[in-house]
$ cat query_7.tsv   # TSV, C-alpha atoms
chain	number	residue	atom	x	y	z
H	1	ARG	CA	62.77	54.86	-44.06
H	2	LYS	CA	65.43	52.98	-42.13
H	3	GLU	CA	65.24	53.10	-38.36
H	4	VAL	CA	68.85	54.23	-38.11
H	5	GLU	CA	70.48	55.98	-41.05
H	6	GLN	CA	74.09	56.77	-41.69
H	7	ASP	CA	76.09	58.02	-44.64
H	8	PRO	CA	77.92	54.89	-45.83
H	9	GLY	CA	80.96	56.87	-46.94
H	10	PRO	CA	83.76	56.12	-47.41
H	11	PHE	CA	85.22	59.23	-45.84
H	12	ASN	CA	88.79	59.67	-47.00
H	13	VAL	CA	90.54	61.91	-44.50
H	14	PRO	CA	94.21	62.89	-44.11
H	15	GLU	CA	95.94	61.93	-40.90
H	16	GLY	CA	95.59	64.62	-38.25
H	17	ALA	CA	92.34	66.00	-39.59
H	18	THR	CA	89.05	66.23	-37.75
H	19	VAL	CA	86.15	64.20	-39.03
H	20	ALA	CA	82.50	64.12	-38.03
H	21	PHE	CA	79.79	61.54	-38.59
H	22	ASN	CA	76.09	62.00	-38.20
H	23	CYS	CA	73.38	59.46	-37.66
H	24	THR	CA	69.62	59.90	-37.57
H	25	TYR	CA	67.06	57.67	-35.92
H	26	SER	CA	63.36	57.46	-36.59
H	27	ASN	CA	61.88	56.28	-33.31
H	28	SER	CA	61.41	59.10	-30.84
H	29	ALA	CA	61.09	56.52	-28.04
H	30	SER	CA	64.74	55.53	-28.43
H	31	GLN	CA	66.40	55.43	-25.07
H	32	SER	CA	70.07	54.58	-25.39
H	33	PHE	CA	72.62	55.42	-28.02
H	34	PHE	CA	76.04	54.06	-28.85
H	35	TRP	CA	78.86	54.31	-31.31
H	36	TYR	CA	80.62	51.07	-32.19
H	37	ARG	CA	83.59	50.59	-34.47
H	38	GLN	CA	84.10	47.55	-36.62
H	39	ASP	CA	87.34	46.64	-38.29
H	40	CYS	CA	87.26	44.59	-41.46
H	41	ARG	CA	86.18	40.99	-40.79
H	42	LYS	CA	86.07	41.57	-37.05
H	43	GLU	CA	83.30	41.92	-34.50
H	44	PRO	CA	81.98	45.37	-33.51
H	45	LYS	CA	83.56	46.93	-30.46
H	46	LEU	CA	81.91	49.54	-28.30
H	47	LEU	CA	83.56	52.91	-28.85
H	48	MET	CA	81.40	54.99	-26.55
H	49	SER	CA	77.91	55.47	-25.23
H	50	VAL	CA	76.19	58.73	-26.07
H	51	TYR	CA	74.68	60.73	-23.25
H	52	SER	CA	72.13	63.50	-23.44
H	53	SER	CA	74.59	66.11	-22.28
H	54	GLY	CA	77.23	65.01	-24.74
H	55	ASN	CA	80.39	63.25	-23.74
H	56	GLU	CA	84.03	63.12	-24.61
H	57	ASP	CA	86.62	60.38	-24.45
H	58	GLY	CA	90.05	61.55	-25.50
H	59	ARG	CA	89.91	62.49	-29.17
H	60	PHE	CA	86.31	61.34	-29.50
H	61	THR	CA	83.25	63.47	-28.77
H	62	ALA	CA	79.68	62.25	-29.02
H	63	GLN	CA	76.59	64.43	-29.11
H	64	LEU	CA	72.89	63.63	-28.94
H	65	ASN	CA	70.11	65.87	-30.21
H	66	ARG	CA	66.81	64.34	-29.17
H	67	ALA	CA	64.69	67.09	-30.71
H	68	SER	CA	66.17	66.46	-34.15
H	69	GLN	CA	66.76	62.77	-33.50
H	70	TYR	CA	70.37	62.65	-34.50
H	71	ILE	CA	73.64	61.56	-32.98
H	72	SER	CA	77.09	62.73	-33.95
H	73	LEU	CA	80.62	61.51	-33.47
H	74	LEU	CA	83.62	63.79	-33.80
H	75	ILE	CA	87.14	62.47	-34.10
H	76	ARG	CA	89.95	64.97	-33.63
H	77	ASP	CA	93.58	64.55	-34.67
H	78	SER	CA	92.70	61.40	-36.59
H	79	LYS	CA	95.18	58.52	-36.60
H	80	LEU	CA	95.78	55.84	-39.19
H	81	SER	CA	94.42	53.35	-36.65
H	82	ASP	CA	91.07	55.14	-36.68
H	83	SER	CA	90.37	53.63	-40.09
H	84	ALA	CA	87.32	51.43	-39.57
H	85	THR	CA	83.57	51.36	-40.03
H	86	TYR	CA	81.69	53.34	-37.41
H	87	LEU	CA	78.28	52.03	-36.46
H	88	CYS	CA	75.53	54.09	-34.92
H	89	VAL	CA	73.39	52.00	-32.58
H	90	VAL	CA	70.11	52.77	-30.86
H	91	ASN	CA	68.13	50.95	-28.21
H	92	ILE	CA	64.36	51.13	-28.27
H	93	GLY	CA	62.30	49.98	-25.34
H	94	SER	CA	63.09	47.57	-22.57
H	95	ASN	CA	63.98	44.41	-24.46
H	96	TYR	CA	67.64	45.41	-24.82
H	97	GLN	CA	67.47	44.91	-28.57
H	98	LEU	CA	69.81	47.18	-30.48
H	99	ILE	CA	69.00	48.73	-33.84
H	100	TRP	CA	72.07	49.14	-36.00
H	101	GLY	CA	72.93	51.63	-38.68
H	102	ALA	CA	74.70	50.30	-41.75
H	103	GLY	CA	77.88	52.06	-40.73
H	104	THR	CA	80.14	54.78	-42.10
H	105	LYS	CA	83.47	53.71	-43.48
H	106	LEU	CA	86.40	55.92	-42.52
H	107	ILE	CA	89.78	55.75	-44.25
H	108	ILE	CA	92.61	57.77	-42.76
H	109	LYS	CA	95.39	58.46	-45.23
H	110	PRO	CA	99.01	59.27	-44.32
A	1	GLY	CA	85.80	42.09	-17.86
A	2	ALA	CA	82.83	41.46	-20.19
A	3	VAL	CA	84.53	38.95	-22.44
A	4	VAL	CA	82.51	36.89	-24.88
A	5	SER	CA	83.97	33.96	-26.75
A	6	GLN	CA	82.72	32.12	-29.79
A	7	HIS	CA	83.67	28.75	-31.10
A	8	PRO	CA	84.59	27.88	-33.75
A	9	SER	CA	86.07	31.05	-35.22
A	10	TRP	CA	85.68	29.69	-38.72
A	11	VAL	CA	84.20	26.60	-40.26
A	12	ILE	CA	83.87	25.15	-43.73
A	13	CYS	CA	81.20	22.54	-44.24
A	14	LYS	CA	79.47	20.74	-47.04
A	15	SER	CA	75.98	21.59	-48.14
A	16	GLY	CA	73.37	19.66	-46.18
A	17	THR	CA	75.35	19.30	-42.96
A	18	SER	CA	74.64	21.03	-39.66
A	19	VAL	CA	76.97	23.39	-37.84
A	20	LYS	CA	76.85	24.34	-34.17
A	21	ILE	CA	78.28	27.64	-32.96
A	22	GLU	CA	78.86	28.30	-29.27
A	23	CYS	CA	78.73	31.67	-27.58
A	24	ARG	CA	80.02	32.01	-24.02
A	25	SER	CA	80.18	34.89	-21.62
A	26	LEU	CA	83.43	34.22	-19.78
A	27	ASP	CA	83.36	36.56	-16.82
A	28	PHE	CA	79.75	37.60	-16.42
A	29	GLN	CA	76.25	36.19	-16.50
A	30	ALA	CA	73.98	36.90	-19.42
A	31	THR	CA	70.25	36.17	-19.32
A	32	THR	CA	70.01	37.52	-22.85
A	33	MET	CA	72.25	36.84	-25.79
A	34	PHE	CA	71.77	37.99	-29.34
A	35	TRP	CA	72.67	36.29	-32.59
A	36	TYR	CA	73.55	38.38	-35.62
A	37	ARG	CA	74.50	37.65	-39.18
A	38	GLN	CA	76.55	39.92	-41.38
A	39	PHE	CA	77.04	39.54	-45.12
A	40	PRO	CA	80.01	41.26	-46.78
A	41	LYS	CA	79.76	45.06	-46.81
A	42	GLN	CA	76.40	44.96	-45.06
A	43	SER	CA	75.22	45.87	-41.62
A	44	LEU	CA	74.68	43.50	-38.76
A	45	MET	CA	71.28	41.85	-38.99
A	46	LEU	CA	69.71	40.57	-35.81
A	47	MET	CA	68.57	36.99	-36.25
A	48	ALA	CA	67.23	36.14	-32.82
A	49	THR	CA	67.26	36.99	-29.16
A	50	SER	CA	68.25	34.11	-26.95
A	51	ASN	CA	66.79	34.00	-23.47
A	52	GLU	CA	68.14	31.70	-20.78
A	53	GLY	CA	65.67	29.00	-19.90
A	54	SER	CA	63.07	29.92	-22.50
A	55	LYS	CA	62.51	29.85	-26.23
A	56	ALA	CA	64.39	32.24	-28.44
A	57	THR	CA	62.63	35.11	-30.17
A	58	TYR	CA	63.29	35.13	-33.89
A	59	GLU	CA	63.23	38.13	-36.17
A	60	GLN	CA	60.90	38.22	-39.12
A	61	GLY	CA	62.18	36.16	-41.99
A	62	VAL	CA	64.50	33.99	-39.89
A	63	GLU	CA	63.48	30.33	-39.91
A	64	LYS	CA	63.46	28.98	-36.38
A	65	ASP	CA	63.62	25.39	-37.59
A	66	LYS	CA	66.73	26.13	-39.61
A	67	PHE	CA	68.54	28.20	-37.00
A	68	LEU	CA	68.15	26.36	-33.72
A	69	ILE	CA	69.04	28.31	-30.62
A	70	ASN	CA	69.59	26.89	-27.18
A	71	HIS	CA	70.40	29.02	-24.15
A	72	ALA	CA	70.71	26.46	-21.40
A	73	SER	CA	72.76	28.44	-18.91
A	74	LEU	CA	73.60	32.01	-17.97
A	75	THR	CA	76.90	31.77	-19.79
A	76	LEU	CA	76.23	29.69	-22.88
A	77	SER	CA	74.05	30.00	-25.95
A	78	THR	CA	74.36	27.86	-29.06
A	79	LEU	CA	73.23	28.43	-32.63
A	80	THR	CA	72.87	25.41	-34.88
A	81	VAL	CA	72.57	25.99	-38.60
A	82	THR	CA	70.74	22.91	-39.80
A	83	SER	CA	71.05	21.56	-43.34
A	84	ALA	CA	73.34	24.40	-44.28
A	85	HIS	CA	73.38	25.69	-47.85
A	86	PRO	CA	75.82	28.00	-49.63
A	87	GLU	CA	73.50	30.99	-49.09
A	88	ASP	CA	73.97	30.47	-45.33
A	89	SER	CA	77.64	31.37	-45.71
A	90	SER	CA	78.11	34.44	-43.60
A	91	PHE	CA	79.74	35.96	-40.54
A	92	TYR	CA	77.75	34.97	-37.44
A	93	ILE	CA	78.28	37.07	-34.34
A	94	CYS	CA	76.82	36.70	-30.89
A	95	SER	CA	76.57	39.32	-28.22
A	96	ALA	CA	75.60	39.28	-24.57
A	97	ARG	CA	74.23	41.78	-22.13
A	98	ASN	CA	75.78	41.86	-18.70
A	99	LEU	CA	73.04	40.98	-16.24
A	100	GLY	CA	74.90	42.60	-13.40
A	101	THR	CA	75.13	46.11	-14.86
A	102	GLY	CA	71.59	46.63	-16.10
A	103	SER	CA	73.12	48.50	-19.01
A	104	TYR	CA	71.95	48.25	-22.60
A	105	GLU	CA	75.53	47.75	-23.76
A	106	GLN	CA	76.22	44.50	-25.52
A	107	TYR	CA	79.54	42.73	-25.67
A	108	PHE	CA	80.38	40.84	-28.80
A	109	GLY	CA	82.08	37.58	-29.48
A	110	PRO	CA	84.78	37.52	-32.17
A	111	GLY	CA	82.41	35.98	-34.67
A	112	THR	CA	82.27	32.74	-36.62
A	113	ARG	CA	82.88	32.76	-40.33
A	114	LEU	CA	80.83	30.00	-41.95
A	115	THR	CA	81.50	28.85	-45.49
A	116	VAL	CA	79.18	26.25	-46.96
A	117	THR	CA	80.47	24.55	-50.09

$ encode --input "query_7.tsv" --output "structure tokens"
Amino acid sequence: RKEVEQDPGPFNVPEGATVAFNCTYSNSASQSFFWYRQDCRKEPKLLMSVYSSGNEDGRFTAQLNRASQYISLLIRDSKLSDSATYLCVVNIGSNYQLIWGAGTKLIIKP
Amino acid sequence: GAVVSQHPSWVICKSGTSVKIECRSLDFQATTMFWYRQFPKQSLMLMATSNEGSKATYEQGVEKDKFLINHASLTLSTLTVTSAHPEDSSFYICSARNLGTGSYEQYFGPGTRLTVT
């Protein structure tokens, strides 16, 4: 079983729709959680950290469920520019090493 | 803030030559930098963790004699791909953790696309 699992997609979604991604992690000792986005042939960029109480940043909402060991990302009113691969990332322990999911590809269609 | 640069952004070299990639944190200090490799349509794969002033920690399956890492200062880490072969062609990305924040967040360089012919 992979340490961090994501549905690879692609998710084809019309512009303006709401889309949700889920990610599960296997290590219950995981301490920090992030969503990154990666555009084609570019480096990953931090989208948002995920806090235990859930957090929102504009159209983006992240949730963490420690009991079930999953993280979610919700994108409302999707834009064409949201098309990218979304990477779920988990930190385990104190060595600052990140464990990466394989990413979910999102395609927003006009 | 938290800008990381990489140089070169792309390089084409002949099989058997060595290529050095530089990773710099421009506006913060980084005791730890990470080197990743990404093949097309695949996830980032951590190659090694680079620690300033000490030896790098390599992930299982990554040859330390082939991928030489030097982290001589708090703002610079280098990755040298020695005797490169076509199968080493990949997207190499470094990241750095900001020493000052204590956060687990990593900031990525723009990547180096290596093509070995």

$ interface_residues --input "query_7.tsv" --of "chain H" --to "chain A" --cutoff "7 Å" --atoms "all atoms listed in the file" --output "mmCIF file with C-alpha atoms, in the frame of the given file"
data_model
loop_
_atom_site.group_PDB
_atom_site.id
_atom_site.type_symbol
_atom_site.label_atom_id
_atom_site.label_comp_id
_atom_site.auth_asym_id
_atom_site.auth_seq_id
_atom_site.Cartn_x
_atom_site.Cartn_y
_atom_site.Cartn_z
ATOM 1 C CA LYS H 42 86.070 41.570 -37.050
ATOM 2 C CA GLU H 43 83.300 41.920 -34.500
ATOM 3 C CA PRO H 44 81.980 45.370 -33.510
ATOM 4 C CA TYR H 96 67.640 45.410 -24.820
ATOM 5 C CA TRP H 100 72.070 49.140 -36.000
ATOM 6 C CA GLY H 101 72.930 51.630 -38.680
ATOM 7 C CA ALA H 102 74.700 50.300 -41.750
ATOM 8 C CA GLY H 103 77.880 52.060 -40.730
#

$ residues_around --input "query_7.tsv" --residues "Leu68 in chain A" --least-positions-apart "5" --cutoff "8 Å" --atoms "only C-alpha atoms" --output "list of chain:residue names"
A:Thr78, A:Leu79, A:Thr80, A:Val81, A:Thr82

$ residues_near_point --input "query_7.tsv" --point "(78.3, 26.1, -48.6)" --cutoff "9 Å" --atoms "only C-alpha atoms" --output "list of chain:residue names"
A:Ile12, A:Cys13, A:Lys14, A:Ser15, A:Gly16, A:Ala84, A:His85, A:Pro86, A:Glu87, A:Asp88, A:Ser89, A:Leu114, A:Thr115, A:Val116, A:Thr117

$ atom_distance --input "query_7.tsv" --atom1 "CA of Thr101 in chain A" --atom2 "CA of Ser25 in chain A"
14.0 Å

$ closest_residue --input "query_7.tsv" --among "A:Asn98, A:Phe67, A:Arg37, A:Ser77" --to "Ser18 in chain A" --atoms "only C-alpha atoms"
A:Phe67

$ axis_aligned_box --input "query_7.tsv" --around "range 55-66 of chain H" --padding-each-side "5 Å" --output "lines of an AutoDock Vina configuration file"
center_x = 78.4
center_y = 63.1
center_z = -27.0
size_x = 33.2
size_y = 15.5
size_z = 16.5

$ residues_around --input "query_7.tsv" --residues "range 18-31 of chain H" --least-positions-apart "3" --cutoff "7 Å" --atoms "all atoms listed in the file" --output "list in words"
Glu3, Val4, Glu5, Gln6, Gln69, Tyr70, Ile71, Ser72, Leu73, Leu74, Ile75, Arg76, Asp77, Ser78, Cys88, Val90, Asn91, Ile92 and Gly93 of chain H

$ atom_distance --input "query_7.tsv" --atom1 "CA of Tyr58 in chain A" --atom2 "CA of Phe33 in chain H"
23.1 Å

$ residues_around --input "query_7.tsv" --residues "range 79-86 of chain H" --least-positions-apart "3" --cutoff "8 Å" --atoms "all atoms listed in the file" --output "number ranges by chain"
H: 15-16, 35-40, 103-110

$ atom_distance --input "query_7.tsv" --atom1 "CA of Lys2 in chain H" --atom2 "CA of Asp57 in chain H"
28.6 Å

$ build_atoms --input "query_7.tsv" --residues "range 53-79 of chain A" --atoms "N, CA, C and O atoms" --output "PDB file, keeping the file's coordinate frame"
ATOM      1  N   GLY A  53      66.771  29.757 -20.454  1.00  0.00           N
ATOM      2  CA  GLY A  53      65.670  29.000 -19.900  1.00  0.00           C
ATOM      3  C   GLY A  53      64.353  29.116 -20.634  1.00  0.00           C
ATOM      4  O   GLY A  53      63.350  28.543 -20.200  1.00  0.00           O
ATOM      5  N   SER A  54      64.324  29.823 -21.735  1.00  0.00           N
ATOM      6  CA  SER A  54      63.070  29.920 -22.500  1.00  0.00           C
ATOM      7  C   SER A  54      63.377  29.914 -24.001  1.00  0.00           C
ATOM      8  O   SER A  54      64.535  29.912 -24.407  1.00  0.00           O
ATOM      9  N   LYS A  55      62.318  29.915 -24.777  1.00  0.00           N
ATOM     10  CA  LYS A  55      62.510  29.850 -26.230  1.00  0.00           C
ATOM     11  C   LYS A  55      63.051  31.162 -26.762  1.00  0.00           C
ATOM     12  O   LYS A  55      62.728  32.242 -26.260  1.00  0.00           O
ATOM     13  N   ALA A  56      63.838  31.043 -27.810  1.00  0.00           N
ATOM     14  CA  ALA A  56      64.390  32.240 -28.440  1.00  0.00           C
ATOM     15  C   ALA A  56      63.313  32.983 -29.220  1.00  0.00           C
ATOM     16  O   ALA A  56      62.328  32.392 -29.662  1.00  0.00           O
ATOM     17  N   THR A  57      63.522  34.265 -29.365  1.00  0.00           N
ATOM     18  CA  THR A  57      62.630  35.110 -30.170  1.00  0.00           C
ATOM     19  C   THR A  57      63.313  35.400 -31.486  1.00  0.00           C
ATOM     20  O   THR A  57      64.386  35.997 -31.515  1.00  0.00           O
ATOM     21  N   TYR A  58      62.689  34.982 -32.568  1.00  0.00           N
ATOM     22  CA  TYR A  58      63.290  35.130 -33.890  1.00  0.00           C
ATOM     23  C   TYR A  58      62.761  36.365 -34.595  1.00  0.00           C
ATOM     24  O   TYR A  58      61.585  36.733 -34.469  1.00  0.00           O
ATOM     25  N   GLU A  59      63.639  36.983 -35.369  1.00  0.00           N
ATOM     26  CA  GLU A  59      63.230  38.130 -36.170  1.00  0.00           C
ATOM     27  C   GLU A  59      62.461  37.648 -37.407  1.00  0.00           C
ATOM     28  O   GLU A  59      62.583  36.492 -37.832  1.00  0.00           O
ATOM     29  N   GLN A  60      61.696  38.547 -37.936  1.00  0.00           N
ATOM     30  CA  GLN A  60      60.900  38.220 -39.120  1.00  0.00           C
ATOM     31  C   GLN A  60      61.800  37.769 -40.252  1.00  0.00           C
ATOM     32  O   GLN A  60      62.824  38.398 -40.537  1.00  0.00           O
ATOM     33  N   GLY A  61      61.420  36.669 -40.862  1.00  0.00           N
ATOM     34  CA  GLY A  61      62.180  36.160 -41.990  1.00  0.00           C
ATOM     35  C   GLY A  61      63.261  35.165 -41.620  1.00  0.00           C
ATOM     36  O   GLY A  61      63.888  34.582 -42.506  1.00  0.00           O
ATOM     37  N   VAL A  62      63.492  34.958 -40.340  1.00  0.00           N
ATOM     38  CA  VAL A  62      64.500  33.990 -39.890  1.00  0.00           C
ATOM     39  C   VAL A  62      63.781  32.701 -39.503  1.00  0.00           C
ATOM     40  O   VAL A  62      62.896  32.709 -38.643  1.00  0.00           O
ATOM     41  N   GLU A  63      64.161  31.601 -40.146  1.00  0.00           N
ATOM     42  CA  GLU A  63      63.480  30.330 -39.910  1.00  0.00           C
ATOM     43  C   GLU A  63      63.962  29.692 -38.610  1.00  0.00           C
ATOM     44  O   GLU A  63      65.135  29.308 -38.490  1.00  0.00           O
ATOM     45  N   LYS A  64      63.066  29.525 -37.673  1.00  0.00           N
ATOM     46  CA  LYS A  64      63.460  28.980 -36.380  1.00  0.00           C
ATOM     47  C   LYS A  64      63.831  27.502 -36.468  1.00  0.00           C
ATOM     48  O   LYS A  64      64.603  27.006 -35.646  1.00  0.00           O
ATOM     49  N   ASP A  65      63.286  26.806 -37.454  1.00  0.00           N
ATOM     50  CA  ASP A  65      63.620  25.390 -37.590  1.00  0.00           C
ATOM     51  C   ASP A  65      64.963  25.185 -38.284  1.00  0.00           C
ATOM     52  O   ASP A  65      65.537  24.106 -38.219  1.00  0.00           O
ATOM     53  N   LYS A  66      65.425  26.222 -38.926  1.00  0.00           N
ATOM     54  CA  LYS A  66      66.730  26.130 -39.610  1.00  0.00           C
ATOM     55  C   LYS A  66      67.845  26.618 -38.678  1.00  0.00           C
ATOM     56  O   LYS A  66      68.943  26.084 -38.686  1.00  0.00           O
ATOM     57  N   PHE A  67      67.555  27.638 -37.915  1.00  0.00           N
ATOM     58  CA  PHE A  67      68.540  28.200 -37.000  1.00  0.00           C
ATOM     59  C   PHE A  67      68.075  27.912 -35.568  1.00  0.00           C
ATOM     60  O   PHE A  67      67.315  28.666 -34.979  1.00  0.00           O
ATOM     61  N   LEU A  68      68.570  26.801 -35.037  1.00  0.00           N
ATOM     62  CA  LEU A  68      68.150  26.360 -33.720  1.00  0.00           C
ATOM     63  C   LEU A  68      68.997  27.023 -32.639  1.00  0.00           C
ATOM     64  O   LEU A  68      70.217  26.982 -32.700  1.00  0.00           O
ATOM     65  N   ILE A  69      68.332  27.612 -31.682  1.00  0.00           N
ATOM     66  CA  ILE A  69      69.040  28.310 -30.620  1.00  0.00           C
ATOM     67  C   ILE A  69      68.699  27.682 -29.284  1.00  0.00           C
ATOM     68  O   ILE A  69      67.541  27.436 -28.977  1.00  0.00           O
ATOM     69  N   ASN A  70      69.742  27.433 -28.515  1.00  0.00           N
ATOM     70  CA  ASN A  70      69.590  26.890 -27.180  1.00  0.00           C
ATOM     71  C   ASN A  70      70.384  27.738 -26.205  1.00  0.00           C
ATOM     72  O   ASN A  70      71.555  28.003 -26.425  1.00  0.00           O
ATOM     73  N   HIS A  71      69.728  28.184 -25.154  1.00  0.00           N
ATOM     74  CA  HIS A  71      70.400  29.020 -24.150  1.00  0.00           C
ATOM     75  C   HIS A  71      70.162  28.362 -22.800  1.00  0.00           C
ATOM     76  O   HIS A  71      69.294  28.752 -22.038  1.00  0.00           O
ATOM     77  N   ALA A  72      70.968  27.335 -22.545  1.00  0.00           N
ATOM     78  CA  ALA A  72      70.710  26.460 -21.400  1.00  0.00           C
ATOM     79  C   ALA A  72      71.264  26.979 -20.094  1.00  0.00           C
ATOM     80  O   ALA A  72      70.866  26.521 -19.019  1.00  0.00           O
ATOM     81  N   SER A  73      72.189  27.923 -20.154  1.00  0.00           N
ATOM     82  CA  SER A  73      72.760  28.440 -18.910  1.00  0.00           C
ATOM     83  C   SER A  73      72.993  29.938 -19.047  1.00  0.00           C
ATOM     84  O   SER A  73      72.836  30.504 -20.131  1.00  0.00           O
ATOM     85  N   LEU A  74      73.383  30.555 -17.964  1.00  0.00           N
ATOM     86  CA  LEU A  74      73.600  32.010 -17.970  1.00  0.00           C
ATOM     87  C   LEU A  74      74.883  32.417 -18.681  1.00  0.00           C
ATOM     88  O   LEU A  74      75.170  33.601 -18.809  1.00  0.00           O
ATOM     89  N   THR A  75      75.649  31.435 -19.131  1.00  0.00           N
ATOM     90  CA  THR A  75      76.900  31.770 -19.790  1.00  0.00           C
ATOM     91  C   THR A  75      77.065  31.119 -21.151  1.00  0.00           C
ATOM     92  O   THR A  75      78.090  31.284 -21.792  1.00  0.00           O
ATOM     93  N   LEU A  76      76.064  30.405 -21.618  1.00  0.00           N
ATOM     94  CA  LEU A  76      76.230  29.690 -22.880  1.00  0.00           C
ATOM     95  C   LEU A  76      74.957  29.716 -23.709  1.00  0.00           C
ATOM     96  O   LEU A  76      73.876  29.390 -23.240  1.00  0.00           O
ATOM     97  N   SER A  77      75.123  30.115 -24.964  1.00  0.00           N
ATOM     98  CA  SER A  77      74.050  30.000 -25.950  1.00  0.00           C
ATOM     99  C   SER A  77      74.639  29.351 -27.182  1.00  0.00           C
ATOM    100  O   SER A  77      75.800  29.606 -27.522  1.00  0.00           O
ATOM    101  N   THR A  78      73.877  28.490 -27.833  1.00  0.00           N
ATOM    102  CA  THR A  78      74.360  27.860 -29.060  1.00  0.00           C
ATOM    103  C   THR A  78      73.395  28.123 -30.204  1.00  0.00           C
ATOM    104  O   THR A  78      72.180  28.218 -30.016  1.00  0.00           O
ATOM    105  N   LEU A  79      73.991  28.264 -31.390  1.00  0.00           N
ATOM    106  CA  LEU A  79      73.230  28.430 -32.630  1.00  0.00           C
ATOM    107  C   LEU A  79      73.607  27.269 -33.530  1.00  0.00           C
ATOM    108  O   LEU A  79      74.788  27.062 -33.806  1.00  0.00           O
TER     109      LEU A  79
END
